[in-house]
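What follows is the content of target_1.txt (compact mmCIF, C-alpha atoms).
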```txt
# COMPACT_ATOMS: atom_id res chain seq x y z
CA MET G 681 102.14 126.00 135.71
CA PHE G 682 102.97 122.46 136.83
CA THR G 683 106.68 121.72 137.12
CA GLY G 684 109.14 119.17 138.36
CA GLN G 685 108.21 115.88 139.98
CA HIS G 686 104.49 116.61 140.13
CA ARG G 687 104.30 117.21 136.39
CA SER G 688 106.39 114.12 135.67
CA ARG G 689 104.16 111.89 137.83
CA LEU G 690 101.02 113.13 136.06
CA PHE G 691 102.60 112.60 132.66
CA TRP G 692 103.70 109.02 133.41
CA LEU G 693 100.33 108.17 134.88
CA SER G 694 98.91 109.36 131.56
CA VAL G 695 101.37 107.07 129.79
CA LEU G 696 100.22 104.09 131.89
CA ALA G 697 96.55 104.79 131.17
CA LEU G 698 97.16 104.99 127.43
CA THR G 699 99.39 101.90 127.51
CA THR G 700 96.55 99.99 129.20
CA ALA G 701 94.19 101.02 126.42
CA ALA G 702 96.68 99.84 123.82
CA VAL G 703 97.38 96.51 125.53
CA SER G 704 93.64 95.91 125.63
CA ALA G 705 93.26 96.78 121.94
CA SER G 706 96.11 94.55 120.77
CA LEU G 707 94.99 91.62 122.90
CA ARG G 708 91.44 91.98 121.54
CA ALA G 709 92.92 91.82 118.03
CA ALA G 710 95.17 88.88 118.98
CA ILE G 711 92.38 86.73 120.42
CA ALA G 712 89.75 87.70 117.82
CA SER G 713 90.44 84.72 115.56
CA SER G 714 90.28 82.24 118.45
CA LEU G 715 87.15 83.87 119.86
CA LYS G 716 85.54 83.79 116.41
CA ALA G 717 86.44 80.12 115.90
CA GLN G 718 85.26 78.99 119.35
CA TRP G 719 82.10 81.05 119.88
CA ILE G 720 80.93 82.69 116.62
CA ASP G 721 81.69 80.29 113.73
CA PRO G 722 79.58 77.48 115.24
CA ILE G 723 76.44 79.64 115.51
CA ALA G 724 76.78 82.03 112.53
CA PRO G 725 79.37 80.81 109.98
CA VAL G 726 78.23 83.03 107.10
CA GLN G 727 78.02 86.24 109.18
CA ALA G 728 81.02 85.48 111.41
CA GLY G 729 83.28 88.12 109.86
CA GLU G 730 80.71 90.89 110.28
CA LEU G 731 79.91 89.81 113.84
CA ILE G 732 83.52 89.76 115.03
CA GLY G 733 84.07 93.08 113.24
CA ALA G 734 81.06 94.55 115.05
CA ALA G 735 82.32 93.25 118.40
CA LEU G 736 85.77 94.75 117.82
CA GLY G 737 84.10 97.94 116.64
CA SER G 738 81.96 98.23 119.76
CA ALA G 739 85.08 99.25 121.70
CA PHE G 740 85.37 102.25 119.43
CA LEU G 741 81.70 103.10 119.94
CA GLY G 742 82.26 103.14 123.70
CA PHE G 743 85.40 105.20 123.14
CA ALA G 744 83.58 107.74 120.95
CA ILE G 745 80.56 108.27 123.19
CA THR G 746 82.67 108.52 126.34
CA LEU G 747 85.20 110.88 124.85
CA PHE G 748 82.39 113.11 123.55
CA VAL G 749 80.69 113.36 126.96
CA ALA G 750 83.66 113.18 129.32
CA SER G 751 85.67 115.82 127.48
CA ALA G 752 82.93 118.40 128.01
CA LEU G 753 82.59 117.47 131.70
CA LEU G 754 86.27 116.89 132.49
CA ASP G 755 86.74 119.95 134.67
CA LYS G 756 83.41 119.39 136.43
CA ILE G 757 83.94 115.70 137.20
CA GLY G 758 87.66 115.95 137.81
CA ALA G 759 90.53 114.27 136.00
CA LYS G 760 91.29 112.00 138.97
CA ARG G 761 87.82 110.40 138.96
CA ILE G 762 87.96 109.96 135.20
CA VAL G 763 91.38 108.28 135.24
CA VAL G 764 90.37 105.89 138.04
CA GLY G 765 87.10 105.17 136.22
CA SER G 766 89.12 104.30 133.14
CA GLY G 767 90.99 101.56 134.98
CA LEU G 768 87.76 100.18 136.49
CA CYS G 769 86.12 99.97 133.05
CA PHE G 770 89.06 98.00 131.67
CA ILE G 771 88.77 95.57 134.57
CA LEU G 772 85.02 95.04 134.17
CA GLY G 773 85.11 94.93 130.37
CA THR G 774 87.89 92.36 130.29
CA ALA G 775 86.06 90.24 132.86
CA LEU G 776 82.98 90.12 130.61
CA ILE G 777 85.01 89.14 127.54
CA VAL G 778 86.85 86.27 129.20
CA GLY G 779 83.93 85.08 131.34
CA ALA G 780 81.11 85.18 128.78
CA GLY G 781 81.35 81.48 127.94
CA ALA G 782 81.09 80.49 131.59
CA ILE G 783 77.82 82.34 132.25
CA ALA G 784 75.93 82.18 128.93
CA THR G 785 75.27 80.16 125.78
CA GLY G 786 74.57 80.82 122.10
CA MET G 787 74.21 84.40 120.94
CA THR G 788 74.06 85.57 124.55
CA ILE G 789 77.79 84.84 124.73
CA TYR G 790 78.30 87.13 121.75
CA SER G 791 76.22 89.85 123.38
CA LEU G 792 78.34 89.73 126.54
CA VAL G 793 81.56 89.83 124.51
CA TRP G 794 80.19 92.84 122.58
CA LEU G 795 79.34 94.57 125.88
CA GLY G 796 82.73 93.74 127.37
CA MET G 797 84.53 95.22 124.39
CA MET G 798 82.34 98.31 124.59
CA LEU G 799 83.20 98.76 128.28
CA SER G 800 86.87 98.47 127.37
CA GLY G 801 86.29 101.22 124.83
CA ILE G 802 84.67 103.35 127.52
CA GLY G 803 87.81 102.90 129.60
CA TRP G 804 89.88 104.05 126.62
CA GLY G 805 87.62 107.06 126.14
CA LEU G 806 87.91 108.06 129.79
CA ALA G 807 91.70 107.81 129.54
CA GLU G 808 91.98 109.97 126.42
CA ALA G 809 89.42 112.49 127.69
CA SER G 810 91.71 113.27 130.62
CA ILE G 811 95.28 112.71 129.46
CA ASN G 812 95.20 114.69 126.19
CA PRO G 813 94.04 118.04 127.64
CA LEU G 814 96.15 117.43 130.75
CA THR G 815 99.27 117.00 128.60
CA ALA G 816 98.40 120.09 126.55
CA ARG G 817 98.11 122.10 129.80
CA LEU G 818 101.29 120.64 131.27
CA TYR G 819 103.36 121.47 128.17
CA PRO G 820 101.78 124.46 126.39
CA ASP G 821 105.04 125.40 124.64
CA GLU G 822 105.71 121.98 123.12
CA THR G 823 102.25 120.50 122.67
CA THR G 824 102.85 118.65 119.38
CA HIS G 825 106.08 117.07 120.64
CA ARG G 826 104.67 116.01 124.02
CA LEU G 827 101.45 114.61 122.57
CA ASN G 828 103.51 112.58 120.11
CA VAL G 829 105.70 111.29 122.95
CA LEU G 830 102.63 110.42 125.03
CA HIS G 831 101.00 108.68 122.10
CA ALA G 832 104.19 106.79 121.34
CA TRP G 833 103.07 104.64 124.25
CA TYR G 834 99.92 103.61 122.42
CA PRO G 835 102.00 101.61 119.92
CA GLY G 836 104.23 100.71 122.86
CA GLY G 837 101.24 99.05 124.49
CA LEU G 838 100.30 97.40 121.18
CA ILE G 839 103.77 95.85 121.10
CA ILE G 840 103.46 94.54 124.65
CA GLY G 841 100.00 93.07 124.08
CA GLY G 842 100.73 91.78 120.59
CA LEU G 843 103.89 89.93 121.62
CA ALA G 844 102.11 88.49 124.65
CA GLY G 845 99.30 87.30 122.39
CA VAL G 846 101.71 85.53 120.04
CA LEU G 847 104.21 84.12 122.55
CA LEU G 848 101.56 82.78 124.90
CA ALA G 849 99.18 81.45 122.22
CA ASN G 850 100.49 77.88 122.57
CA VAL G 851 100.84 78.09 126.35
CA LEU G 852 97.63 79.67 127.63
CA PRO G 853 93.99 79.70 126.47
CA TRP G 854 92.91 82.92 124.80
CA GLN G 855 90.82 83.87 127.83
CA ALA G 856 93.94 83.90 130.04
CA ILE G 857 95.83 85.95 127.45
CA MET G 858 93.03 88.54 127.34
CA GLY G 859 93.09 88.58 131.13
CA LEU G 860 96.58 90.14 131.07
CA VAL G 861 94.80 93.51 130.74
CA PHE G 862 93.95 93.24 134.45
CA LEU G 863 97.59 93.95 135.40
CA PRO G 864 98.05 97.49 133.99
CA ALA G 865 94.37 98.32 134.64
CA ILE G 866 94.79 97.66 138.36
CA GLY G 867 97.91 99.82 138.26
CA VAL G 868 95.94 102.73 136.76
CA VAL G 869 93.34 102.47 139.53
CA LEU G 870 95.86 102.28 142.38
CA ILE G 871 98.24 104.98 141.12
CA GLY G 872 95.42 107.24 139.98
CA ALA G 873 93.71 107.00 143.36
CA THR G 874 96.92 107.93 145.21
CA THR G 875 98.08 110.75 142.89
CA THR G 876 97.33 114.38 143.66
CA PHE G 877 95.76 116.05 140.64
CA PRO G 878 95.64 119.81 140.17
CA PRO G 879 92.27 121.35 140.97
CA ALA G 880 89.89 121.76 138.04
CA PRO G 881 90.26 125.25 136.59
CA LYS G 882 87.28 127.54 136.77
CA VAL G 883 88.05 128.67 133.24
CA VAL G 884 89.76 127.15 130.22
CA GLU G 885 92.43 129.37 128.66
CA GLY G 886 90.67 132.39 130.18
CA GLU G 887 87.29 131.46 128.72
CA SER G 888 84.08 130.28 130.35
CA PHE G 889 82.69 126.77 130.02
CA GLY G 890 80.05 128.06 127.61
CA THR G 891 82.68 129.72 125.46
CA MET G 892 84.62 126.44 125.27
CA ILE G 893 81.54 124.55 124.09
CA GLY G 894 80.57 127.25 121.60
CA GLU G 895 84.06 127.72 120.14
CA VAL G 896 83.76 124.89 117.63
CA PHE G 897 80.42 126.16 116.33
CA ARG G 898 81.66 129.73 115.93
CA ARG G 899 84.55 128.50 113.80
CA PRO G 900 83.21 126.14 111.10
CA SER G 901 86.73 125.26 109.93
CA PHE G 902 86.88 123.01 113.00
CA PHE G 903 84.58 120.53 111.27
CA VAL G 904 87.09 120.09 108.46
CA TRP G 905 89.45 118.69 111.07
CA PHE G 906 86.60 116.68 112.59
CA GLY G 907 85.93 115.01 109.23
CA ALA G 908 89.63 114.53 108.56
CA MET G 909 90.01 112.74 111.90
CA PHE G 910 87.28 110.31 110.83
CA LEU G 911 89.33 109.43 107.77
CA THR G 912 92.76 109.31 109.44
CA ALA G 913 91.46 106.89 112.07
CA SER G 914 89.89 104.76 109.33
CA SER G 915 93.35 104.55 107.79
CA GLU G 916 95.09 103.64 111.07
CA LEU G 917 92.98 102.00 113.77
CA ALA G 918 90.53 99.89 111.75
CA PRO G 919 93.20 98.09 109.66
CA GLY G 920 95.20 97.41 112.81
CA GLN G 921 92.29 95.56 114.41
CA TRP G 922 91.65 93.59 111.20
CA LEU G 923 95.20 92.47 110.40
CA ASP G 924 95.20 89.20 112.34
CA VAL G 925 91.74 88.11 111.21
CA ALA G 926 92.24 88.92 107.53
CA LEU G 927 95.91 88.38 106.70
CA THR G 928 97.27 85.57 108.87
CA ASN G 929 96.54 82.72 106.46
CA ARG G 930 97.21 84.63 103.24
CA VAL G 931 100.69 85.99 104.02
CA GLY G 932 102.00 83.00 105.94
CA MET G 933 102.57 84.69 109.30
CA ARG G 934 100.47 85.91 112.21
CA GLY G 935 98.87 89.22 111.30
CA ILE G 936 99.25 90.39 114.89
CA LEU G 937 103.03 90.29 114.37
CA LEU G 938 102.58 92.84 111.61
CA LEU G 939 100.73 95.03 114.10
CA VAL G 940 103.59 94.61 116.57
CA TYR G 941 106.12 95.56 113.89
CA VAL G 942 104.15 98.62 112.81
CA SER G 943 103.71 99.60 116.46
CA ALA G 944 107.49 99.48 116.92
CA LEU G 945 107.87 101.88 114.00
CA MET G 946 105.29 104.16 115.60
CA PHE G 947 106.94 104.02 119.00
CA VAL G 948 110.27 105.21 117.60
CA PHE G 949 108.93 107.71 115.06
CA ARG G 950 106.50 109.47 117.39
CA HIS G 951 109.40 110.62 119.54
CA PHE G 952 110.62 112.64 116.53
CA ALA G 953 107.36 113.48 114.74
CA GLY G 954 106.89 116.72 116.67
CA ARG G 955 110.28 117.99 115.47
CA LEU G 956 109.46 116.97 111.88
CA ALA G 957 106.11 118.75 112.06
CA GLY G 958 108.00 121.88 113.07
CA LYS G 959 109.89 121.75 109.76
CA LEU G 960 107.02 120.74 107.47
CA SER G 961 104.02 122.12 109.41
CA ASN G 962 101.29 119.83 110.72
CA PRO G 963 99.27 119.76 107.44
CA GLY G 964 102.45 118.98 105.50
CA LEU G 965 103.29 116.06 107.77
CA LEU G 966 99.70 114.79 107.53
CA TRP G 967 99.76 114.99 103.71
CA ILE G 968 102.90 112.87 103.51
CA SER G 969 101.42 110.47 106.07
CA SER G 970 98.26 110.06 103.96
CA LEU G 971 100.27 109.30 100.82
CA LEU G 972 102.27 106.58 102.54
CA ALA G 973 99.15 105.14 104.19
CA ALA G 974 97.35 104.82 100.85
CA ILE G 975 100.30 103.09 99.23
CA GLY G 976 100.80 100.79 102.22
CA LEU G 977 97.17 99.65 102.43
CA PHE G 978 97.12 98.91 98.70
CA LEU G 979 100.33 96.88 99.01
CA LEU G 980 98.85 94.97 101.96
CA SER G 981 95.87 94.02 99.79
CA ARG G 982 98.33 92.43 97.32
CA ALA G 983 100.79 90.83 99.77
CA GLN G 984 101.10 87.06 99.49
CA SER G 985 104.22 86.34 101.57
CA PRO G 986 105.82 87.40 104.87
CA VAL G 987 108.39 89.58 103.07
CA ALA G 988 105.74 91.36 101.01
CA ALA G 989 103.57 91.83 104.09
CA ILE G 990 106.44 93.33 106.09
CA LEU G 991 107.37 95.73 103.28
CA ALA G 992 103.73 96.81 102.88
CA SER G 993 103.35 97.21 106.63
CA THR G 994 106.46 99.38 106.75
CA VAL G 995 105.01 101.83 104.25
CA TRP G 996 101.59 101.81 105.93
CA GLY G 997 103.10 102.12 109.41
CA LEU G 998 105.29 105.09 108.51
CA GLY G 999 102.20 106.70 107.03
CA VAL G 1000 99.86 106.34 110.00
CA CYS G 1001 102.30 106.61 112.89
CA ALA G 1002 102.00 110.38 113.35
CA MET G 1003 98.37 110.84 112.30
CA TRP G 1004 96.48 110.66 115.62
CA PRO G 1005 98.72 112.83 117.85
CA THR G 1006 99.39 115.34 115.06
CA MET G 1007 95.66 115.71 114.47
CA LEU G 1008 95.15 116.36 118.20
CA ALA G 1009 98.00 118.85 118.29
CA SER G 1010 96.64 120.65 115.20
CA VAL G 1011 93.28 121.13 116.89
CA ALA G 1012 94.83 122.15 120.23
CA GLU G 1013 96.95 124.80 118.51
CA ARG G 1014 94.27 126.15 116.16
CA TYR G 1015 91.31 126.11 118.58
CA PRO G 1016 92.84 126.72 122.04
CA ARG G 1017 89.60 128.16 123.45
CA GLY G 1018 87.88 124.87 122.61
CA GLY G 1019 89.93 123.21 125.37
CA ALA G 1020 89.19 119.59 126.27
CA TRP G 1021 85.88 119.76 124.38
CA ALA G 1022 87.55 120.36 121.00
CA LEU G 1023 90.09 117.59 121.59
CA GLY G 1024 87.32 115.24 122.71
CA LEU G 1025 85.24 115.92 119.62
CA VAL G 1026 88.00 115.06 117.17
CA GLY G 1027 88.92 112.01 119.24
CA SER G 1028 85.29 110.91 119.07
CA ALA G 1029 85.37 111.28 115.30
CA GLY G 1030 88.36 108.95 115.15
CA ALA G 1031 86.68 106.37 117.35
CA LEU G 1032 83.38 106.51 115.45
CA ALA G 1033 85.29 105.85 112.24
CA SER G 1034 86.52 102.51 113.53
CA PHE G 1035 83.05 101.66 114.90
CA PHE G 1036 81.59 102.06 111.42
CA VAL G 1037 84.52 100.83 109.36
CA LEU G 1038 85.26 97.55 111.19
CA PRO G 1039 81.78 96.06 110.60
CA LEU G 1040 81.96 97.31 107.01
CA LEU G 1041 85.29 95.52 106.60
CA GLY G 1042 83.74 92.38 108.06
CA GLY G 1043 80.68 92.76 105.83
CA MET G 1044 82.82 93.23 102.71
CA PHE G 1045 84.83 90.18 103.72
CA ASP G 1046 81.67 88.08 104.22
CA GLU G 1047 80.11 89.27 100.95
CA ALA G 1048 83.27 88.56 98.99
CA LYS G 1049 83.81 85.08 100.46
CA VAL G 1050 80.20 84.04 99.77
CA GLN G 1051 80.36 85.41 96.23
CA LEU G 1052 83.68 83.71 95.52
CA ALA G 1053 82.34 80.42 96.89
CA GLY G 1054 79.22 80.55 94.71
CA GLY G 1055 76.61 81.28 97.39
CA PRO G 1056 75.95 80.79 101.13
CA GLU G 1057 75.30 77.06 100.95
CA ALA G 1058 78.38 76.48 98.82
CA PHE G 1059 80.47 78.44 101.31
CA LYS G 1060 79.19 76.36 104.23
CA ARG G 1061 80.40 73.23 102.44
CA LEU G 1062 83.93 74.53 101.95
CA THR G 1063 86.71 73.02 104.06
CA GLY G 1064 90.48 72.92 104.22
CA GLU G 1065 92.49 74.51 101.44
CA ALA G 1066 89.43 75.53 99.43
CA LEU G 1067 88.07 77.52 102.38
CA ARG G 1068 91.43 79.15 102.98
CA GLN G 1069 91.77 80.27 99.36
CA VAL G 1070 88.29 81.82 99.33
CA GLU G 1071 88.86 83.70 102.59
CA ASP G 1072 92.30 84.88 101.48
CA ALA G 1073 90.89 86.35 98.27
CA ALA G 1074 88.07 88.02 100.23
CA ALA G 1075 90.58 89.57 102.65
CA SER G 1076 92.52 91.03 99.73
CA GLN G 1077 89.40 92.72 98.35
CA SER G 1078 88.51 94.29 101.71
CA PHE G 1079 91.96 95.86 102.16
CA ALA G 1080 92.01 97.17 98.58
CA LYS G 1081 88.79 99.14 99.18
CA LEU G 1082 90.13 100.58 102.43
CA ALA G 1083 93.14 102.03 100.59
CA LEU G 1084 90.85 104.63 99.00
CA VAL G 1085 90.30 106.39 102.36
CA PRO G 1086 93.74 108.07 102.70
CA VAL G 1087 93.55 109.09 99.03
CA VAL G 1088 90.72 111.45 100.00
CA LEU G 1089 92.93 112.89 102.73
CA LEU G 1090 95.54 113.91 100.17
CA PHE G 1091 93.11 116.50 98.83
CA VAL G 1092 92.01 117.67 102.30
CA PHE G 1093 95.47 118.14 103.82
CA GLY G 1094 96.88 119.40 100.51
CA ALA G 1095 94.31 122.19 100.46
CA ILE G 1096 94.98 123.13 104.11
CA TRP G 1097 98.75 123.04 103.57
CA LEU G 1098 98.63 125.30 100.51
CA SER G 1099 96.17 127.69 102.15
CA GLU G 1100 98.34 128.14 105.24
CA ARG G 1101 101.50 128.57 103.16
CA ARG G 1102 99.79 131.34 101.17
CA ARG G 1103 98.67 133.10 104.36
CA ARG G 1104 102.19 133.00 105.77
CA ALA G 1105 103.61 134.33 102.52
CA VAL G 1106 101.14 137.22 102.53
CA ALA G 1107 101.91 137.99 106.19
CA VAL G 1108 105.66 138.08 105.49
CA ALA G 1109 105.17 140.28 102.46
```
Would you encode the structure as structure tokens?
Amino acid sequence: MFTGQHRSRLFWLSVLALTTAAVSASLRAAIASSLKAQWIDPIAPVQAGELIGAALGSAFLGFAITLFVASALLDKIGAKRIVVGSGLCFILGTALIVGAGAIATGMTIYSLVWLGMMLSGIGWGLAEASINPLTARLYPDETTHRLNVLHAWYPGGLIIGGLAGVLLANVLPWQAIMGLVFLPAIGVVLIGATTTFPPAPKVVEGESFGTMIGEVFRRPSFFVWFGAMFLTASSELAPGQWLDVALTNRVGMRGILLLVYVSALMFVFRHFAGRLAGKLSNPGLLWISSLLAAIGLFLLSRAQSPVAAILASTVWGLGVCAMWPTMLASVAERYPRGGAWALGLVGSAGALASFFVLPLLGGMFDEAKVQLAGGPEAFKRLTGEALRQVEDAAASQSFAKLALVPVVLLFVFGAIWLSERRRRAVAVA
């Protein structure tokens, strides 16, 4: 068992890697509107929402694929190589995003931006593939608590990146703001390369590599959690990336500030979520989270002012803040022989959700704005206040549809919660 300074250094390196992923995600969200206006609106005004949604979503595709593959090969490749590779991917991906306009024109610029965001997602996937199982191994007796503390730094990074995006918007071009990702990414590479990692275990929790891979197929209940992760991520990550694009004009404040505010709630609450899960059970905490998320997303679809947006964001933020780490902890505790592979699979499900949902959000937004305007040609002629009103109404419709996702989770987690309570009651009797 790892103890003392060695364990602490590994844990805080994990925190830095996850913070880098979060800074990258929040800065991508913060610069999305400017990128869309400068590079996408001029070449594809009608499809601009879907295109920027697809570009933002490509990061989650890279995340999903990488997490799926790297989790299975973690102990063969080595956590040190994966962590260092994570930092390198953030550096290269960010370079493509900010440099696309200097080396290409037209839709080629968009293709490079899409690729850069995907590489950033690969960096995120490499980070999560290593730090989640490493944390579970470092702290086997307090897995839920430690994973929540670790993942408190994802919203912590969102706060750092979001505030930088807002405060520097009138000082620096968006390319320079996005380039801030280089700073923590370089830190991950340098610290990761100079940190001594424990040797890869020959077995995982006493089981062979083949047993770890086969565990999830021998226990079909795992796929209930896999599907639930798809829906929890759709309730959390996708709306966070869409806030600035969809809500800024309608509520009268930068949507990225709402993401910063929600991230602050997450940062504080995740330090206590593990203790709360101990009182309610993980499914109980996830049920309450889903209820608040559904209410919050619906309220966001109706918000028309900064006060209403903040109140709606509070409800939504309290709902989603514990979802991701509690889902990981639930899988780690219920399927320990699945090791890094089981954690990687559910993480991939969460990432794939955002890859699919973000373009759908953009597509719903585009469809609604064209319909409200009276057709594609009529939309192209809109300017000024008329354009703003049409896009605001379209944004409201897209958020209202997304609120249905956590409603489904109420039935899923409610059934798991009741089932486990019955089993405990029978065992006590």
Next on the checklist: I need the residue nearest Leu945 (chain G) from this list: G:Ser993, G:Asn929, G:Thr912, G:Ser901. Use all atoms listed in the file for the distance.
Outcome noted: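 Ranked by minimum distance to Leu945 (chain G), first place goes to G:Ser993.
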Item to check | Distance criterion (only C-alpha atoms): nearest to Phe1036 (chain G) out of G:Val763, G:Val942, G:Met797, G:Ala913 | outcome: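 Closest to Phe1036 (chain G) of all the choices is G:Ala913.
Using all atoms listed in the file, the set of residues no farther than 6 Å from the position (89.8, 118.2, 129.7) comprises Ser751, Leu754, Ser810, Pro813 and Ala1020 of chain G.
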Item to check | For region 771-783 of chain G: contacts at 8 Å, all atoms listed in the file, fewer than 2 positions along chain excluded, given as a ChimeraX atom specification | outcome: /G:767-769,785,789-790,792-800,855-856,858-859,861-862,865-866
Checklist entry - So how many Å separate CA of Gly841 (chain G) and CA of Gly1027 (chain G), to one decimal? => result 22.5 Å
